[in-house]
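Below is one structure, written out as structure tokens, with a few remarks after it.
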Amino acid sequence: MRLLVDRYVNGQHKKVNGWLADFSSLLIARLAATLEEEKVQGASVEIGAHHGRLFILLHLASTGQRDMVIDVFDAQHLNVDHSGKGDKAIFLRNLARFGGDPARVQILQKSSLEVQPAEILEQVGQPLLFSIDGGHTAECVHNDLSLADATLAEQGIVILDDFFNEFWPEVAVGTMSFLQEPGARLQPFAVSPGKVYLCRPGQQGFFHAAIRSHFSPRYIDKEAQMLGSRVLVAGVREGHRNWYTRLALTITESSIGRRLGMQRWLPPKFSSPA
């Protein structure tokens, strides 16, 4: 599956409708590869798969026997805030097109508000990668983080979408409400374009070391404090390149740029560990 991950991250993901920045896909793949190197196994779960742009990556990188998608898909009357519009048929076609195995994916076609932790644990075990990109109301985000907290493996990662998106302030409200609960066992450890990453308390140092080992200082923008936790902000400047930098990268990738040895401008490519 490593070759499939490499191909998907290095360009194929752009062929799937959805919202996943290039750098964030690269970071997620490298964090998943780090967990695989550590011989940690577990399922991938996503709430809100849309057409599968992120889930396909999570599935290809998964070390679990089965993975899970929770999405209302055609039951759009349950999508109260109209955040995305998933399509099950398109999702399954995309999954197969890029090397996934639909037989290994359990689909719960309903609102995540109706899902209990036991359903996840009984069907796929403890998730190692848990993406939250479903309903963007404060209630949904709080509920989905609670589901992740109740099921996530000890070395697992939660990938939260749209915390900083000004169009969806309820995501930040629901996240802060959850993290302020006394029993919450998730803490943020990193930020990349469009995503916030959370883990169990005490695991931040492990993931910070993994990020620093995989990326040069150029791509680690800063270290910051977020809701009482130390986080690495990575790839954000890369994601906000201005037009003339994008033009320079276009030239760099051209035959002229290759002859002039301009490859140092290019962002890193993903390659799974040998």
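Chain labels run A, B, ... following the order of the structure tokens; each chain numbers its residues from 1, and ligands are numbered from 1 in the order shown.
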
Within 8 Å of stretch 11-31 of chain A: each stretch 101-198 of chain A residue with its shortest pair, only C-alpha atoms, as JSON lines:
{"residue": "A:Ser192", "atom": "CA", "partner": "A:Ser24", "partner_atom": "CA", "distance": 5.8}
{"residue": "A:Pro193", "atom": "CA", "partner": "A:Ser24", "partner_atom": "CA", "distance": 6.1}
{"residue": "A:Gly194", "atom": "CA", "partner": "A:Ala21", "partner_atom": "CA", "distance": 7.1}
{"residue": "A:Lys195", "atom": "CA", "partner": "A:Ser24", "partner_atom": "CA", "distance": 7.2}

File dump, residues just selected, C-alpha atoms, as a PDB file, in the first residue's frame:
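Once written, again-v5.pdb looks like this:
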ATOM      1  CA  SER A 192      -1.458  22.821   9.137  1.00  0.00           C
ATOM      2  CA  PRO A 193      -3.554  24.417   6.373  1.00  0.00           C
ATOM      3  CA  GLY A 194      -7.189  23.704   7.195  1.00  0.00           C
ATOM      4  CA  LYS A 195      -6.408  21.165   9.938  1.00  0.00           C
TER       5      LYS A 195
END

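Nearest-residue note for A:Leu232: choosing from A:Cys199, A:Leu4, A:Leu128, A:Ala190, the minimum distance belongs to A:Ala190, counting only C-alpha atoms.
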
field: DSSP helix (DSSP H, G or I) residues within stretch 84-131 of chain A, listed as a list in words
entry: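 In stretch 84-131 of chain A, DSSP puts these residues in helix (DSSP H, G or I): Lys88, Ala89, Ile90, Phe91, Leu92, Arg93, Asn94, Leu95, Ala96, Arg97, Pro102, Ala103, Arg104, Ser112, Leu113, Glu114, Pro117, Ala118, Glu119, Ile120, Leu121, Glu122, Gln123 and Val124 of chain A.
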
For the residues selected in the previous step, produce a file with C-alpha atoms as a compact mmCIF listing (two decimals), in the first residue's frame.
# COMPACT_ATOMS: atom_id res chain seq x y z
CA LYS A 88 -21.99 7.54 -1.59
CA ALA A 89 -21.77 6.32 -5.20
CA ILE A 90 -19.05 8.85 -6.07
CA PHE A 91 -17.25 8.06 -2.82
CA LEU A 92 -17.14 4.33 -3.58
CA ARG A 93 -16.00 4.93 -7.16
CA ASN A 94 -13.17 7.17 -5.99
CA LEU A 95 -12.16 4.68 -3.31
CA ALA A 96 -11.79 1.86 -5.85
CA ARG A 97 -10.22 4.11 -8.49
CA PRO A 102 -14.48 -1.05 -0.44
CA ALA A 103 -14.89 -4.46 1.21
CA ARG A 104 -12.64 -3.23 4.05
CA SER A 112 -22.80 11.09 13.87
CA LEU A 113 -25.14 12.37 16.60
CA GLU A 114 -26.77 8.93 16.42
CA PRO A 117 -18.66 4.66 20.72
CA ALA A 118 -19.48 0.95 20.97
CA GLU A 119 -20.49 0.87 17.30
CA ILE A 120 -17.05 2.06 16.28
CA LEU A 121 -15.15 -0.21 18.67
CA GLU A 122 -17.18 -3.30 17.80
CA GLN A 123 -16.81 -2.87 14.05
CA VAL A 124 -13.25 -1.56 13.57

task: Just list the residues in stretch 124-227 of chain A DSSP gives strand (DSSP E or B) on the backbone, as a PyMOL selection string.
output: chain A and resi 127-132+157-161+187-192+195-199+220-226

Those selected residues, please, written with C-alpha atoms and delivered as a CSV table (one decimal), in the first residue's frame.
chain,number,residue,atom,x,y,z
A,127,PRO,CA,-9.0,4.0,15.5
A,128,LEU,CA,-5.4,5.2,15.0
A,129,LEU,CA,-6.4,8.0,12.6
A,130,PHE,CA,-9.7,9.7,13.3
A,131,SER,CA,-10.8,12.6,10.9
A,132,ILE,CA,-13.6,14.9,12.0
A,157,ILE,CA,-4.3,11.1,16.0
A,158,VAL,CA,-7.5,13.2,15.6
A,159,ILE,CA,-7.5,15.4,12.5
A,160,LEU,CA,-10.0,18.2,12.9
A,161,ASP,CA,-11.2,20.3,10.0
A,187,GLN,CA,-4.9,17.9,23.3
A,188,PRO,CA,-3.8,19.8,20.2
A,189,PHE,CA,-0.2,19.3,19.0
A,190,ALA,CA,-0.1,20.7,15.5
A,191,VAL,CA,-1.7,23.0,12.9
A,192,SER,CA,-1.5,22.8,9.1
A,195,LYS,CA,-6.4,21.2,9.9
A,196,VAL,CA,-5.8,20.9,13.7
A,197,TYR,CA,-4.2,17.7,15.0
A,198,LEU,CA,-4.9,16.3,18.5
A,199,CYS,CA,-3.5,13.4,20.5
A,220,ILE,CA,7.8,24.6,10.3
A,221,ASP,CA,6.4,28.1,10.6
A,222,LYS,CA,6.5,28.5,14.4
A,223,GLU,CA,5.8,27.0,17.8
A,224,ALA,CA,2.7,28.3,19.5
A,225,GLN,CA,0.4,27.8,22.5
A,226,MET,CA,-3.1,26.6,21.8

Who sits within 9 Å of A:Trp168, only C-alpha atoms, same chain under 5 positions skipped, as a list of chain:residue names: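 The filter keeps A:His136, A:Thr137, A:Asp162, A:Phe163.
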
Save the residues we just selected, C-alpha atoms, as a tab-separated table (two decimals), in the first residue's frame?
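Heads up, here's the output in out.tsv:
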chain	number	residue	atom	x	y	z
A	136	HIS	CA	-20.00	22.07	11.52
A	137	THR	CA	-22.39	23.08	14.30
A	162	ASP	CA	-12.04	24.03	9.79
A	163	PHE	CA	-11.17	25.16	13.33

Counting only C-alpha atoms, the option among A:Gly174, A:Gly183, A:Gly125, A:Gly156 closest to A:Asn143: A:Gly174

Within 12 Å of A:Ile70, counting only C-alpha atoms, which residues show up once you throw out same-chain ones fewer than 5 positions away? Write them as a PDB file with C-alpha atoms, in the first residue's frame, please.
ATOM      1  CA  SER A  44      -8.926   4.829  10.132  1.00  0.00           C
ATOM      2  CA  VAL A  45     -12.277   6.509  10.794  1.00  0.00           C
ATOM      3  CA  GLU A  46     -13.724   9.620   9.190  1.00  0.00           C
ATOM      4  CA  ILE A  47     -16.869  11.543  10.048  1.00  0.00           C
ATOM      5  CA  GLY A  48     -17.902  13.423   6.914  1.00  0.00           C
ATOM      6  CA  ALA A  49     -16.166  11.795   3.960  1.00  0.00           C
ATOM      7  CA  HIS A  50     -17.831  13.837   1.157  1.00  0.00           C
ATOM      8  CA  GLY A  52     -13.395  10.664  -0.171  1.00  0.00           C
ATOM      9  CA  PHE A  55     -10.533   9.239   3.600  1.00  0.00           C
ATOM     10  CA  GLY A  86     -21.471  13.722   0.274  1.00  0.00           C
ATOM     11  CA  LYS A  88     -21.992   7.537  -1.589  1.00  0.00           C
ATOM     12  CA  VAL A 105     -14.684  -0.077   4.657  1.00  0.00           C
ATOM     13  CA  GLN A 106     -17.672  -0.086   6.990  1.00  0.00           C
ATOM     14  CA  ILE A 107     -20.115   2.704   6.109  1.00  0.00           C
ATOM     15  CA  LEU A 108     -22.505   4.086   8.720  1.00  0.00           C
ATOM     16  CA  GLN A 109     -24.943   6.182   6.712  1.00  0.00           C
ATOM     17  CA  LYS A 110     -26.428   8.331   9.447  1.00  0.00           C
ATOM     18  CA  SER A 111     -25.762  11.396  11.536  1.00  0.00           C
ATOM     19  CA  SER A 112     -22.800  11.093  13.872  1.00  0.00           C
ATOM     20  CA  LEU A 113     -25.139  12.369  16.597  1.00  0.00           C
ATOM     21  CA  GLU A 114     -26.770   8.925  16.424  1.00  0.00           C
ATOM     22  CA  VAL A 115     -23.510   6.979  16.683  1.00  0.00           C
ATOM     23  CA  GLN A 116     -22.336   5.404  19.932  1.00  0.00           C
ATOM     24  CA  GLU A 119     -20.488   0.871  17.295  1.00  0.00           C
ATOM     25  CA  ILE A 120     -17.046   2.058  16.277  1.00  0.00           C
ATOM     26  CA  PHE A 130      -9.724   9.734  13.261  1.00  0.00           C
ATOM     27  CA  SER A 131     -10.806  12.565  10.948  1.00  0.00           C
ATOM     28  CA  ILE A 132     -13.606  14.943  11.958  1.00  0.00           C
ATOM     29  CA  ASP A 133     -15.162  16.840   9.053  1.00  0.00           C
ATOM     30  CA  GLY A 134     -18.884  16.240   9.477  1.00  0.00           C
ATOM     31  CA  GLY A 135     -21.506  18.655  10.774  1.00  0.00           C
ATOM     32  CA  ASP A 144     -17.642  14.067  17.235  1.00  0.00           C
ATOM     33  CA  LEU A 147     -16.662   9.981  19.933  1.00  0.00           C
TER      34      LEU A 147
END

query: How many Å separate atom CA of A:Tyr8 from atom CA of A:Phe98?
result: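 About the pair atom CA of A:Tyr8 and atom CA of A:Phe98: they are 7.3 Å apart.
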
statement: What separates atom CA of A:Phe167 and atom CA of A:Glu238 is a distance of 21.7 Å

query: Mind pulling up the distance from atom CA of A:Gln41 to atom CA of A:Ala184?
result: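 Between atom CA of A:Ala184 and atom CA of A:Gln41 the gap works out to 23.1 Å.
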